[in-house]
Every structure is written in structure tokens, then in C-alpha cells.
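**Q** For reference, the file target13.txt (compact mmCIF, N, CA and C atoms and all ligand atoms) is included below:
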```txt
# COMPACT_ATOMS: atom_id res chain seq x y z
N MET A 1 -76.78 24.76 -48.92
CA MET A 1 -78.24 24.66 -48.72
C MET A 1 -78.84 26.06 -48.51
N ILE A 2 -79.90 26.33 -49.22
CA ILE A 2 -80.60 27.61 -49.06
C ILE A 2 -82.00 27.32 -48.54
N TYR A 3 -82.36 27.98 -47.47
CA TYR A 3 -83.68 27.80 -46.88
C TYR A 3 -84.62 28.86 -47.45
N LEU A 4 -85.74 28.40 -47.98
CA LEU A 4 -86.70 29.29 -48.64
C LEU A 4 -88.00 29.36 -47.86
N GLY A 5 -88.63 30.52 -47.89
CA GLY A 5 -89.95 30.65 -47.29
C GLY A 5 -90.69 31.83 -47.88
N SER A 6 -92.00 31.73 -47.84
CA SER A 6 -92.83 32.86 -48.28
C SER A 6 -94.17 32.77 -47.58
N ASP A 7 -94.90 33.87 -47.62
CA ASP A 7 -96.32 33.82 -47.30
C ASP A 7 -97.08 33.75 -48.63
N HIS A 8 -98.40 33.94 -48.59
CA HIS A 8 -99.19 33.88 -49.82
C HIS A 8 -98.76 34.96 -50.82
N GLY A 9 -98.37 36.13 -50.29
CA GLY A 9 -97.97 37.25 -51.16
C GLY A 9 -96.67 37.00 -51.90
N GLY A 10 -95.88 36.07 -51.40
CA GLY A 10 -94.60 35.76 -52.03
C GLY A 10 -94.54 34.39 -52.65
N PHE A 11 -95.66 33.67 -52.58
CA PHE A 11 -95.68 32.27 -53.02
C PHE A 11 -95.22 32.09 -54.47
N LYS A 12 -95.80 32.89 -55.37
CA LYS A 12 -95.49 32.72 -56.80
C LYS A 12 -94.01 32.98 -57.07
N LEU A 13 -93.48 34.03 -56.47
CA LEU A 13 -92.07 34.33 -56.68
C LEU A 13 -91.19 33.23 -56.09
N LYS A 14 -91.60 32.70 -54.95
CA LYS A 14 -90.82 31.59 -54.36
C LYS A 14 -90.78 30.40 -55.33
N GLU A 15 -91.89 30.11 -55.99
CA GLU A 15 -91.91 29.01 -56.96
C GLU A 15 -90.94 29.28 -58.11
N SER A 16 -90.89 30.55 -58.55
CA SER A 16 -89.94 30.90 -59.62
C SER A 16 -88.51 30.77 -59.14
N ILE A 17 -88.26 31.13 -57.89
CA ILE A 17 -86.92 31.00 -57.33
C ILE A 17 -86.52 29.52 -57.27
N LYS A 18 -87.47 28.67 -56.93
CA LYS A 18 -87.18 27.22 -56.88
C LYS A 18 -86.79 26.71 -58.26
N SER A 19 -87.50 27.11 -59.31
CA SER A 19 -87.15 26.69 -60.68
C SER A 19 -85.76 27.18 -61.05
N PHE A 20 -85.48 28.44 -60.67
CA PHE A 20 -84.17 29.03 -60.95
C PHE A 20 -83.06 28.22 -60.28
N LEU A 21 -83.26 27.86 -59.02
CA LEU A 21 -82.25 27.10 -58.27
C LEU A 21 -82.13 25.68 -58.82
N ASP A 22 -83.27 25.09 -59.21
CA ASP A 22 -83.24 23.76 -59.83
C ASP A 22 -82.37 23.77 -61.08
N ASN A 23 -82.56 24.80 -61.91
CA ASN A 23 -81.78 24.89 -63.16
C ASN A 23 -80.30 25.00 -62.91
N LYS A 24 -79.95 25.56 -61.76
CA LYS A 24 -78.52 25.74 -61.44
C LYS A 24 -78.00 24.63 -60.52
N ASN A 25 -78.85 23.64 -60.28
CA ASN A 25 -78.46 22.52 -59.40
C ASN A 25 -78.05 22.98 -58.00
N ILE A 26 -78.72 24.00 -57.52
CA ILE A 26 -78.43 24.50 -56.17
C ILE A 26 -79.48 23.92 -55.23
N LYS A 27 -79.01 23.33 -54.13
CA LYS A 27 -79.92 22.66 -53.20
C LYS A 27 -80.64 23.69 -52.34
N TYR A 28 -81.93 23.42 -52.10
CA TYR A 28 -82.71 24.29 -51.23
C TYR A 28 -83.71 23.45 -50.46
N GLU A 29 -84.23 24.07 -49.40
CA GLU A 29 -85.33 23.44 -48.68
C GLU A 29 -86.46 24.46 -48.58
N ASP A 30 -87.62 24.07 -49.05
CA ASP A 30 -88.79 24.96 -49.03
C ASP A 30 -89.54 24.76 -47.72
N MET A 31 -89.51 25.78 -46.87
CA MET A 31 -90.13 25.68 -45.55
C MET A 31 -91.58 26.19 -45.57
N GLY A 32 -92.14 26.38 -46.75
CA GLY A 32 -93.52 26.84 -46.85
C GLY A 32 -93.60 28.33 -47.13
N THR A 33 -94.76 28.83 -47.37
CA THR A 33 -96.04 28.19 -47.47
C THR A 33 -96.14 27.43 -48.80
N HIS A 34 -97.08 26.51 -48.90
CA HIS A 34 -97.12 25.66 -50.08
C HIS A 34 -98.30 25.93 -51.00
N ASN A 35 -99.01 27.00 -50.77
CA ASN A 35 -100.10 27.39 -51.68
C ASN A 35 -100.40 28.88 -51.45
N GLU A 36 -101.41 29.38 -52.15
CA GLU A 36 -101.69 30.81 -52.08
C GLU A 36 -102.76 31.19 -51.05
N GLU A 37 -103.08 30.24 -50.18
CA GLU A 37 -104.02 30.57 -49.09
C GLU A 37 -103.35 31.52 -48.12
N SER A 38 -104.14 32.44 -47.61
CA SER A 38 -103.60 33.45 -46.71
C SER A 38 -102.95 32.81 -45.48
N CYS A 39 -101.77 33.30 -45.13
CA CYS A 39 -101.09 32.82 -43.92
C CYS A 39 -100.30 33.99 -43.33
N ASP A 40 -99.68 33.76 -42.17
CA ASP A 40 -99.00 34.83 -41.46
C ASP A 40 -97.50 34.76 -41.64
N TYR A 41 -96.94 35.79 -42.28
CA TYR A 41 -95.51 35.76 -42.61
C TYR A 41 -94.57 35.57 -41.41
N PRO A 42 -94.90 36.04 -40.19
CA PRO A 42 -93.93 35.82 -39.10
C PRO A 42 -93.71 34.34 -38.79
N ASP A 43 -94.74 33.52 -39.01
CA ASP A 43 -94.60 32.08 -38.75
C ASP A 43 -93.52 31.48 -39.65
N ILE A 44 -93.54 31.87 -40.91
CA ILE A 44 -92.57 31.33 -41.89
C ILE A 44 -91.19 31.95 -41.65
N ALA A 45 -91.17 33.25 -41.37
CA ALA A 45 -89.88 33.93 -41.13
C ALA A 45 -89.16 33.26 -39.96
N LYS A 46 -89.91 32.92 -38.92
CA LYS A 46 -89.32 32.29 -37.72
C LYS A 46 -88.70 30.94 -38.06
N ILE A 47 -89.41 30.13 -38.84
CA ILE A 47 -88.91 28.79 -39.20
C ILE A 47 -87.62 28.91 -40.03
N VAL A 48 -87.66 29.75 -41.06
CA VAL A 48 -86.50 29.88 -41.95
C VAL A 48 -85.33 30.51 -41.20
N ALA A 49 -85.59 31.55 -40.43
CA ALA A 49 -84.49 32.25 -39.74
C ALA A 49 -83.83 31.34 -38.71
N ASN A 50 -84.60 30.53 -38.04
CA ASN A 50 -84.01 29.59 -37.07
C ASN A 50 -83.11 28.57 -37.78
N GLN A 51 -83.54 28.08 -38.93
CA GLN A 51 -82.72 27.15 -39.70
C GLN A 51 -81.42 27.81 -40.15
N VAL A 52 -81.53 29.02 -40.68
CA VAL A 52 -80.35 29.74 -41.18
C VAL A 52 -79.36 29.99 -40.04
N ALA A 53 -79.87 30.40 -38.88
CA ALA A 53 -79.00 30.68 -37.73
C ALA A 53 -78.34 29.40 -37.24
N GLU A 54 -79.12 28.34 -37.16
CA GLU A 54 -78.61 27.07 -36.63
C GLU A 54 -77.60 26.42 -37.56
N LYS A 55 -77.87 26.48 -38.88
CA LYS A 55 -77.03 25.77 -39.85
C LYS A 55 -75.96 26.68 -40.47
N ASN A 56 -75.94 27.95 -40.05
CA ASN A 56 -74.99 28.90 -40.63
C ASN A 56 -75.11 28.91 -42.16
N ALA A 57 -76.34 28.99 -42.63
CA ALA A 57 -76.65 28.88 -44.06
C ALA A 57 -77.16 30.23 -44.59
N LEU A 58 -77.68 30.19 -45.81
CA LEU A 58 -78.35 31.36 -46.37
C LEU A 58 -79.84 31.07 -46.50
N GLY A 59 -80.64 32.13 -46.46
CA GLY A 59 -82.08 31.98 -46.62
C GLY A 59 -82.65 33.04 -47.53
N ILE A 60 -83.82 32.73 -48.06
CA ILE A 60 -84.56 33.71 -48.88
C ILE A 60 -86.00 33.70 -48.40
N LEU A 61 -86.50 34.88 -48.08
CA LEU A 61 -87.88 35.03 -47.60
C LEU A 61 -88.61 36.01 -48.50
N VAL A 62 -89.81 35.63 -48.90
CA VAL A 62 -90.60 36.48 -49.80
C VAL A 62 -91.98 36.70 -49.21
N CYS A 63 -92.38 37.96 -49.09
CA CYS A 63 -93.78 38.27 -48.78
C CYS A 63 -94.22 39.32 -49.79
N GLY A 64 -95.33 39.98 -49.56
CA GLY A 64 -95.82 40.95 -50.55
C GLY A 64 -94.81 42.04 -50.82
N THR A 65 -94.32 42.65 -49.75
CA THR A 65 -93.36 43.75 -49.89
C THR A 65 -91.94 43.34 -49.50
N GLY A 66 -91.80 42.27 -48.77
CA GLY A 66 -90.50 41.89 -48.18
C GLY A 66 -90.26 42.53 -46.83
N ILE A 67 -91.10 43.50 -46.49
CA ILE A 67 -90.87 44.27 -45.26
C ILE A 67 -91.16 43.43 -44.02
N GLY A 68 -92.33 42.81 -44.00
CA GLY A 68 -92.71 42.02 -42.83
C GLY A 68 -91.74 40.88 -42.57
N MET A 69 -91.33 40.22 -43.63
CA MET A 69 -90.37 39.11 -43.49
C MET A 69 -89.06 39.62 -42.92
N SER A 70 -88.59 40.78 -43.38
CA SER A 70 -87.30 41.28 -42.89
C SER A 70 -87.39 41.70 -41.43
N ILE A 71 -88.48 42.34 -41.07
CA ILE A 71 -88.65 42.75 -39.66
C ILE A 71 -88.67 41.51 -38.78
N ALA A 72 -89.45 40.52 -39.18
CA ALA A 72 -89.59 39.31 -38.35
C ALA A 72 -88.29 38.52 -38.27
N ALA A 73 -87.63 38.30 -39.42
CA ALA A 73 -86.41 37.49 -39.43
C ALA A 73 -85.31 38.12 -38.59
N ASN A 74 -85.25 39.45 -38.60
CA ASN A 74 -84.19 40.13 -37.85
C ASN A 74 -84.38 40.06 -36.33
N LYS A 75 -85.49 39.50 -35.89
CA LYS A 75 -85.69 39.29 -34.44
C LYS A 75 -84.96 38.04 -33.95
N ILE A 76 -84.53 37.20 -34.88
CA ILE A 76 -83.88 35.94 -34.49
C ILE A 76 -82.38 36.17 -34.34
N LYS A 77 -81.84 35.70 -33.25
CA LYS A 77 -80.41 35.88 -32.95
C LYS A 77 -79.54 35.29 -34.08
N GLY A 78 -78.60 36.07 -34.54
CA GLY A 78 -77.67 35.61 -35.58
C GLY A 78 -78.12 35.95 -36.98
N ILE A 79 -79.29 36.54 -37.10
CA ILE A 79 -79.82 36.84 -38.44
C ILE A 79 -79.54 38.28 -38.85
N ARG A 80 -79.07 38.39 -40.09
CA ARG A 80 -78.95 39.70 -40.74
C ARG A 80 -79.75 39.60 -42.04
N ALA A 81 -81.01 39.98 -41.96
CA ALA A 81 -81.91 39.88 -43.11
C ALA A 81 -81.94 41.22 -43.84
N ALA A 82 -81.75 41.16 -45.15
CA ALA A 82 -81.69 42.39 -45.95
C ALA A 82 -82.79 42.39 -47.01
N LEU A 83 -83.56 43.45 -47.00
CA LEU A 83 -84.61 43.64 -48.01
C LEU A 83 -83.96 44.32 -49.22
N CYS A 84 -83.91 43.63 -50.33
CA CYS A 84 -83.21 44.14 -51.52
C CYS A 84 -84.18 44.40 -52.66
N HIS A 85 -83.90 45.48 -53.39
CA HIS A 85 -84.78 45.90 -54.48
C HIS A 85 -84.13 45.83 -55.85
N ASN A 86 -82.81 45.67 -55.86
CA ASN A 86 -82.10 45.69 -57.14
C ASN A 86 -80.76 44.97 -56.99
N GLU A 87 -80.02 44.92 -58.08
CA GLU A 87 -78.76 44.17 -58.07
C GLU A 87 -77.75 44.79 -57.13
N TYR A 88 -77.71 46.12 -57.09
CA TYR A 88 -76.72 46.80 -56.24
C TYR A 88 -76.97 46.49 -54.75
N THR A 89 -78.23 46.58 -54.32
CA THR A 89 -78.49 46.32 -52.90
C THR A 89 -78.21 44.86 -52.56
N ALA A 90 -78.45 43.95 -53.49
CA ALA A 90 -78.15 42.54 -53.25
C ALA A 90 -76.64 42.33 -53.08
N GLU A 91 -75.86 42.98 -53.93
CA GLU A 91 -74.40 42.86 -53.86
C GLU A 91 -73.88 43.44 -52.54
N MET A 92 -74.37 44.60 -52.20
CA MET A 92 -73.89 45.26 -50.97
C MET A 92 -74.35 44.52 -49.71
N ALA A 93 -75.53 43.94 -49.78
CA ALA A 93 -76.04 43.18 -48.61
C ALA A 93 -75.08 42.07 -48.24
N ARG A 94 -74.47 41.43 -49.24
CA ARG A 94 -73.49 40.37 -48.97
C ARG A 94 -72.11 40.97 -48.70
N LYS A 95 -71.63 41.85 -49.57
CA LYS A 95 -70.26 42.36 -49.46
C LYS A 95 -70.05 43.16 -48.18
N HIS A 96 -70.98 44.01 -47.85
CA HIS A 96 -70.77 44.94 -46.73
C HIS A 96 -71.49 44.51 -45.45
N ASN A 97 -72.63 43.87 -45.58
CA ASN A 97 -73.44 43.57 -44.39
C ASN A 97 -73.41 42.09 -44.00
N ASP A 98 -72.80 41.27 -44.81
CA ASP A 98 -72.78 39.82 -44.56
C ASP A 98 -74.19 39.31 -44.26
N ALA A 99 -75.15 39.81 -45.02
CA ALA A 99 -76.55 39.39 -44.82
C ALA A 99 -76.66 37.89 -45.05
N ASN A 100 -77.41 37.22 -44.19
CA ASN A 100 -77.58 35.77 -44.37
C ASN A 100 -79.01 35.42 -44.80
N ILE A 101 -79.89 36.40 -44.84
CA ILE A 101 -81.22 36.17 -45.42
C ILE A 101 -81.53 37.31 -46.39
N LEU A 102 -81.95 36.93 -47.59
CA LEU A 102 -82.42 37.88 -48.59
C LEU A 102 -83.94 37.96 -48.49
N CYS A 103 -84.46 39.16 -48.35
CA CYS A 103 -85.92 39.36 -48.34
C CYS A 103 -86.34 40.06 -49.63
N LEU A 104 -87.42 39.58 -50.21
CA LEU A 104 -87.90 40.12 -51.48
C LEU A 104 -89.39 40.40 -51.40
N GLY A 105 -89.83 41.37 -52.18
CA GLY A 105 -91.25 41.69 -52.27
C GLY A 105 -91.85 41.08 -53.51
N GLY A 106 -92.68 40.08 -53.32
CA GLY A 106 -93.28 39.39 -54.46
C GLY A 106 -94.26 40.26 -55.23
N ARG A 107 -94.80 41.28 -54.56
CA ARG A 107 -95.74 42.19 -55.22
C ARG A 107 -95.06 43.47 -55.70
N VAL A 108 -93.75 43.52 -55.52
CA VAL A 108 -93.00 44.73 -55.84
C VAL A 108 -92.09 44.53 -57.05
N LEU A 109 -91.47 43.35 -57.09
CA LEU A 109 -90.41 43.11 -58.07
C LEU A 109 -90.92 42.34 -59.28
N GLN A 110 -90.37 42.69 -60.44
CA GLN A 110 -90.60 41.85 -61.61
C GLN A 110 -89.74 40.59 -61.48
N LYS A 111 -90.26 39.49 -62.03
CA LYS A 111 -89.60 38.20 -61.83
C LYS A 111 -88.14 38.21 -62.28
N ASP A 112 -87.85 38.77 -63.44
CA ASP A 112 -86.47 38.71 -63.94
C ASP A 112 -85.51 39.48 -63.04
N ILE A 113 -85.95 40.59 -62.50
CA ILE A 113 -85.10 41.35 -61.58
C ILE A 113 -84.91 40.57 -60.29
N ALA A 114 -86.00 40.00 -59.79
CA ALA A 114 -85.92 39.22 -58.55
C ALA A 114 -84.92 38.08 -58.69
N LEU A 115 -84.93 37.40 -59.83
CA LEU A 115 -84.01 36.28 -60.02
C LEU A 115 -82.57 36.74 -60.16
N LYS A 116 -82.36 37.91 -60.75
CA LYS A 116 -81.00 38.47 -60.81
C LYS A 116 -80.51 38.77 -59.39
N ILE A 117 -81.41 39.31 -58.58
CA ILE A 117 -81.06 39.62 -57.18
C ILE A 117 -80.66 38.34 -56.45
N VAL A 118 -81.44 37.29 -56.65
CA VAL A 118 -81.14 36.01 -56.00
C VAL A 118 -79.76 35.51 -56.46
N ASP A 119 -79.52 35.56 -57.76
CA ASP A 119 -78.26 35.09 -58.33
C ASP A 119 -77.08 35.82 -57.68
N ILE A 120 -77.19 37.13 -57.61
CA ILE A 120 -76.09 37.93 -57.03
C ILE A 120 -75.94 37.62 -55.55
N PHE A 121 -77.05 37.55 -54.85
CA PHE A 121 -76.99 37.33 -53.39
C PHE A 121 -76.28 36.02 -53.07
N ILE A 122 -76.60 34.97 -53.79
CA ILE A 122 -76.03 33.66 -53.42
C ILE A 122 -74.61 33.46 -53.96
N ASN A 123 -74.19 34.35 -54.87
CA ASN A 123 -72.85 34.19 -55.45
C ASN A 123 -71.86 35.28 -55.03
N THR A 124 -72.21 36.07 -54.06
CA THR A 124 -71.33 37.15 -53.61
C THR A 124 -70.87 36.86 -52.20
N GLU A 125 -69.57 37.06 -51.98
CA GLU A 125 -68.98 36.81 -50.65
C GLU A 125 -68.90 38.11 -49.85
N PHE A 126 -68.82 37.94 -48.54
CA PHE A 126 -68.60 39.06 -47.62
C PHE A 126 -67.18 39.60 -47.83
N ASP A 127 -67.04 40.93 -47.87
CA ASP A 127 -65.73 41.56 -48.07
C ASP A 127 -64.85 41.47 -46.83
N GLY A 128 -65.46 41.37 -45.64
CA GLY A 128 -64.66 41.35 -44.41
C GLY A 128 -64.00 42.70 -44.17
N GLY A 129 -62.81 42.67 -43.55
CA GLY A 129 -62.06 43.91 -43.30
C GLY A 129 -62.85 44.88 -42.44
N ARG A 130 -62.89 46.14 -42.86
CA ARG A 130 -63.59 47.16 -42.06
C ARG A 130 -65.08 46.83 -41.91
N HIS A 131 -65.61 46.07 -42.89
CA HIS A 131 -67.03 45.71 -42.81
C HIS A 131 -67.28 44.69 -41.71
N LYS A 132 -66.27 43.87 -41.43
CA LYS A 132 -66.43 42.90 -40.34
C LYS A 132 -66.55 43.64 -39.01
N ARG A 133 -65.75 44.67 -38.83
CA ARG A 133 -65.83 45.45 -37.59
C ARG A 133 -67.25 45.99 -37.40
N ARG A 134 -67.83 46.47 -38.48
CA ARG A 134 -69.18 47.07 -38.41
C ARG A 134 -70.25 46.00 -38.17
N VAL A 135 -70.10 44.90 -38.85
CA VAL A 135 -71.07 43.81 -38.64
C VAL A 135 -70.96 43.28 -37.21
N ASP A 136 -69.72 43.17 -36.73
CA ASP A 136 -69.53 42.74 -35.33
C ASP A 136 -70.26 43.69 -34.37
N LYS A 137 -70.23 44.98 -34.69
CA LYS A 137 -70.92 45.95 -33.83
C LYS A 137 -72.44 45.75 -33.87
N ILE A 138 -72.95 45.36 -35.02
CA ILE A 138 -74.39 45.06 -35.10
C ILE A 138 -74.71 43.89 -34.18
N MET A 139 -73.86 42.86 -34.25
CA MET A 139 -74.15 41.67 -33.46
C MET A 139 -73.98 41.94 -31.96
N GLU A 140 -73.14 42.90 -31.61
CA GLU A 140 -73.02 43.31 -30.21
C GLU A 140 -74.30 43.97 -29.72
N ILE A 141 -74.93 44.73 -30.59
CA ILE A 141 -76.22 45.36 -30.21
C ILE A 141 -77.23 44.27 -29.87
N GLN A 142 -77.23 43.23 -30.73
CA GLN A 142 -78.13 42.10 -30.51
C GLN A 142 -77.87 41.45 -29.14
N ASP A 143 -76.58 41.40 -28.76
CA ASP A 143 -76.22 40.75 -27.50
C ASP A 143 -76.36 41.70 -26.31
N GLY A 144 -76.88 42.89 -26.56
CA GLY A 144 -77.15 43.84 -25.47
C GLY A 144 -75.93 44.60 -24.99
N CYS A 145 -74.87 44.65 -25.84
CA CYS A 145 -73.66 45.38 -25.44
C CYS A 145 -73.73 46.84 -25.92
C1 LIG B 201 -99.91 40.13 -46.79
O1 LIG B 201 -101.08 40.69 -47.29
C2 LIG B 201 -98.81 41.19 -46.69
O2 LIG B 201 -99.08 42.03 -45.63
C3 LIG B 201 -97.46 40.51 -46.53
O3 LIG B 201 -97.24 39.69 -47.63
C4 LIG B 201 -96.26 41.42 -46.45
O4 LIG B 201 -96.23 42.34 -47.51
C5 LIG B 201 -96.00 42.04 -45.16
O5 LIG B 201 -95.01 42.78 -44.96
```
Translate this structure into C-alpha cells?
Ligand code: RB5

**A**
Amino acid sequence: MIYLGSDHGGFKLKESIKSFLDNKNIKYEDMGTHNEESCDYPDIAKIVANQVAEKNALGILVCGTGIGMSIAANKIKGIRAALCHNEYTAEMARKHNDANILCLGGRVLQKDIALKIVDIFINTEFDGGRHKRRVDKIMEIQDGC
């Protein structure tokens, strides 16, 4: 299950991501927003990030730049949200950072690149090993250690 969310700035790209996932028979839940009316990205980031943390799932958040969504999502315990701009950063976000939320900029990325990023993000596994030690250190910071 992939939890999806966007604000108005990411709405169109989120719709394209839904079509992409439909074509691949990948299950998702759209947590909003459901139209292009202006809304506040932290509200959506909070809903999606809480679901991802609780269900140990993956999420995708889209706003105009992806920046606000990533800042907001990373405030939730257990979340490693990565703002990705290309295929390489998407691959590394999973392999090295064990990112559980992909953040995208709907006003930054062309649709075909964005969908390639999504494809790579959801199909790449965490490498573990030395990267696990580093990710564990990130989570220790979160726990105040
Ligand atoms: C909304 O205008 C815009 O600020 C938002 O989509 C996002 O880019 C914030 O980081």
C-alpha cells in the first residue's frame, strides 16, 4: 500500500501518479487534496506521514516544490522523507537512506521524469549494511540521543 498526498500545487502530478499506479496494479490510498483549490500542505503531510509511520508503508507527497512537504513530513516520528529530483536521487533515497516517503515538486518536474522517479522509488530496496548504521544514527537524533 502506498499513501499519496498533495496540496493544490501537486494535485495534477498526484493524479498522474495514480494513473501510473493503476496501470501497474499497485494499491494506493489517496489522502487528498482532491481538487486544485488552495490548501495547506502541512495538513496533508501530517495525515500521510502518520499513516506511513503507523503502517510501516511507503508514501508519496507532492507540493509545488516538494520542499514544504518534505520539511513537514520529517517532523513525524519514524519518517524519512526524501525530496528527489531525478532517477539517481530516487535510487539513493531508498538504497542508502531507507526513505519511506518520496517528495516531489509538481511545479518543478516534468511528468515523465516524475513517474520514472516514482517507479524507481517503489521498486528499490534498502541496501542495509553500513547504511543501516547511518540510518539508525538519524533515528537516534529523532529520539533525542
Ligand atoms: C503553494 O503555493 C506552495 O507553497 C507549496 O505547494 C509548496 O511548494 C511548498 O513548499

**Q** For region 75-86 of chain A, take all atoms listed in the file, fit an axis-aligned box around them, add 8 Å to each of the six sides, then output centre and edge lengths in Å rounded to one decimal, as JSON.

**A**
```
{"center_x": -81.7, "center_y": 40.6, "center_z": -45.0, "size_x": 24.0, "size_y": 26.6, "size_z": 40.2}
```

**Q** Can you pull out every residue within 12 Å of Asn74 (chain A), counting only C-alpha atoms, but drop anything in the same chain fewer than 4 positions away, and send it as a list of chain:residue names?

**A**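 Those residues are A:Pro42, A:Ala45, A:Lys46, A:Val48, A:Ala49, A:Asn50, A:Val52, A:Ala53, A:Leu61, A:Ile67, A:Gly68, A:Met69, A:Ser70, A:Gly78, A:Ile79, A:Arg80, A:Ala81, A:Ala82, A:Leu83, A:Ala99, A:Asn100, A:Ile101, A:Leu102, A:Cys103, A:Ile138, A:Met139, A:Gln142.
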
**Q** Could you give me the residues within region 81-111 of chain A that DSSP places in helix (DSSP H, G or I), as JSON, numbers by chain?

**A** {"A": [87, 88, 89, 90, 91, 92, 93, 94, 95, 111]}

**Q** Could you build a table of the residues in region 45-102 of chain A lying no more than 6 Å from region 5-11 of chain A, giving for each the nearest pair of atoms and their separation in Å rounded to one decimal place, using only C-alpha atoms, ordered by chain and ascending residue number, as JSON lines?

**A**
```
{"residue": "A:Leu61", "atom": "CA", "partner": "A:Gly5", "partner_atom": "CA", "distance": 4.9}
{"residue": "A:Val62", "atom": "CA", "partner": "A:Ser6", "partner_atom": "CA", "distance": 4.5}
{"residue": "A:Cys63", "atom": "CA", "partner": "A:Gly10", "partner_atom": "CA", "distance": 4.2}
{"residue": "A:Gly64", "atom": "CA", "partner": "A:Gly9", "partner_atom": "CA", "distance": 4.3}
```

**Q** Let me make sure I understand: among A:Asn25, A:Thr124, A:Thr33, A:Ser19, which one has the smallest atom-to-atom distance to Leu4 (chain A) if we use only N, CA and C atoms?

**A** A:Thr33

**Q** Between atom C of Phe121 (chain A) and CA of Cys39 (chain A), what is the distance, to one decimal in Å?

**A**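 Between atom C of Phe121 (chain A) and CA of Cys39 (chain A) the gap works out to 26.6 Å.
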
**Q** As a VMD selection string, please: every residue in chain A that DSSP puts in strand (DSSP E or B).

**A** chain A and resid 2 to 6 28 to 30 58 to 63 81 to 83 101 to 105

**Q** Could you pull the residues within 12 Å of Ile26 (chain A), counting only C-alpha atoms, minus those fewer than 4 positions along the same chain, as a count of residues only?

**A** 14

**Q** In Å, with one decimal, what is the gap from CA of Lys12 (chain A) to CA of Glu91 (chain A)?

**A**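 CA of Glu91 (chain A) lies 23.6 Å from CA of Lys12 (chain A).
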
**Q** When you count only C-alpha atoms and all ligand atoms, which of these residues is closest to ligand LIG 201 (chain B): A:Leu115, A:Ile71, A:Val135, A:Ile120?

**A** A:Ile71

**Q** Kindly give the distance, in Å, that separates CA of Asp127 (chain A) and atom C of Lys55 (chain A), rounded to a single decimal.

**A**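 Rounded to one decimal, the two atoms are 19.6 Å apart.
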
**Q** Smallest atom-to-atom distance to ligand LIG 201 (chain B): which of A:Lys137, A:Asn86, A:Lys111, A:Thr65, using only N, CA and C atoms and all ligand atoms?

**A** A:Thr65

**Q** Counting only N, CA and C atoms and all ligand atoms, figure out which residue out of A:Lys95, A:Cys84, A:Thr89, A:Gly106 gets nearest to ligand LIG 201 (chain B).

**A**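 Nearest candidate to ligand LIG 201 (chain B) out of A:Lys95, A:Cys84, A:Thr89, A:Gly106: A:Gly106.
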
**Q** Take region 73-78 of chain A, bring it up to all heavy atoms, and give me the output as a PDB file, in the coordinates of the input.

**A**
```
ATOM      1  N   ALA A  73     -87.630  38.300 -39.420  1.00  0.00           N
ATOM      2  CA  ALA A  73     -86.410  37.490 -39.430  1.00  0.00           C
ATOM      3  C   ALA A  73     -85.310  38.120 -38.590  1.00  0.00           C
ATOM      4  O   ALA A  73     -84.536  37.426 -37.925  1.00  0.00           O
ATOM      5  CB  ALA A  73     -85.932  37.292 -40.873  1.00  0.00           C
ATOM      6  N   ASN A  74     -85.250  39.450 -38.600  1.00  0.00           N
ATOM      7  CA  ASN A  74     -84.190  40.130 -37.850  1.00  0.00           C
ATOM      8  C   ASN A  74     -84.380  40.060 -36.330  1.00  0.00           C
ATOM      9  O   ASN A  74     -83.511  40.494 -35.584  1.00  0.00           O
ATOM     10  CB  ASN A  74     -84.064  41.582 -38.312  1.00  0.00           C
ATOM     11  CG  ASN A  74     -83.194  41.690 -39.561  1.00  0.00           C
ATOM     12  OD1 ASN A  74     -82.121  41.101 -39.628  1.00  0.00           O
ATOM     13  ND2 ASN A  74     -83.670  42.419 -40.549  1.00  0.00           N
ATOM     14  N   LYS A  75     -85.490  39.500 -35.890  1.00  0.00           N
ATOM     15  CA  LYS A  75     -85.690  39.290 -34.440  1.00  0.00           C
ATOM     16  C   LYS A  75     -84.960  38.040 -33.950  1.00  0.00           C
ATOM     17  O   LYS A  75     -84.818  37.837 -32.749  1.00  0.00           O
ATOM     18  CB  LYS A  75     -87.181  39.132 -34.108  1.00  0.00           C
ATOM     19  CG  LYS A  75     -88.045  40.334 -34.458  1.00  0.00           C
ATOM     20  CD  LYS A  75     -87.742  41.499 -33.564  1.00  0.00           C
ATOM     21  CE  LYS A  75     -88.657  42.685 -33.906  1.00  0.00           C
ATOM     22  NZ  LYS A  75     -88.151  43.933 -33.305  1.00  0.00           N
ATOM     23  N   ILE A  76     -84.530  37.200 -34.880  1.00  0.00           N
ATOM     24  CA  ILE A  76     -83.880  35.940 -34.490  1.00  0.00           C
ATOM     25  C   ILE A  76     -82.380  36.170 -34.340  1.00  0.00           C
ATOM     26  O   ILE A  76     -81.739  36.757 -35.238  1.00  0.00           O
ATOM     27  CB  ILE A  76     -84.155  34.828 -35.555  1.00  0.00           C
ATOM     28  CG1 ILE A  76     -85.661  34.598 -35.727  1.00  0.00           C
ATOM     29  CG2 ILE A  76     -83.409  33.543 -35.199  1.00  0.00           C
ATOM     30  CD1 ILE A  76     -86.374  33.965 -34.556  1.00  0.00           C
ATOM     31  N   LYS A  77     -81.840  35.700 -33.250  1.00  0.00           N
ATOM     32  CA  LYS A  77     -80.410  35.880 -32.950  1.00  0.00           C
ATOM     33  C   LYS A  77     -79.540  35.290 -34.080  1.00  0.00           C
ATOM     34  O   LYS A  77     -79.768  34.156 -34.512  1.00  0.00           O
ATOM     35  CB  LYS A  77     -80.105  35.166 -31.632  1.00  0.00           C
ATOM     36  CG  LYS A  77     -78.756  35.466 -31.035  1.00  0.00           C
ATOM     37  CD  LYS A  77     -78.686  34.859 -29.643  1.00  0.00           C
ATOM     38  CE  LYS A  77     -77.279  34.713 -29.123  1.00  0.00           C
ATOM     39  NZ  LYS A  77     -76.572  35.939 -28.879  1.00  0.00           N
ATOM     40  N   GLY A  78     -78.600  36.070 -34.540  1.00  0.00           N
ATOM     41  CA  GLY A  78     -77.670  35.610 -35.580  1.00  0.00           C
ATOM     42  C   GLY A  78     -78.120  35.950 -36.980  1.00  0.00           C
ATOM     43  O   GLY A  78     -77.381  35.692 -37.943  1.00  0.00           O
TER      44      GLY A  78
END
```
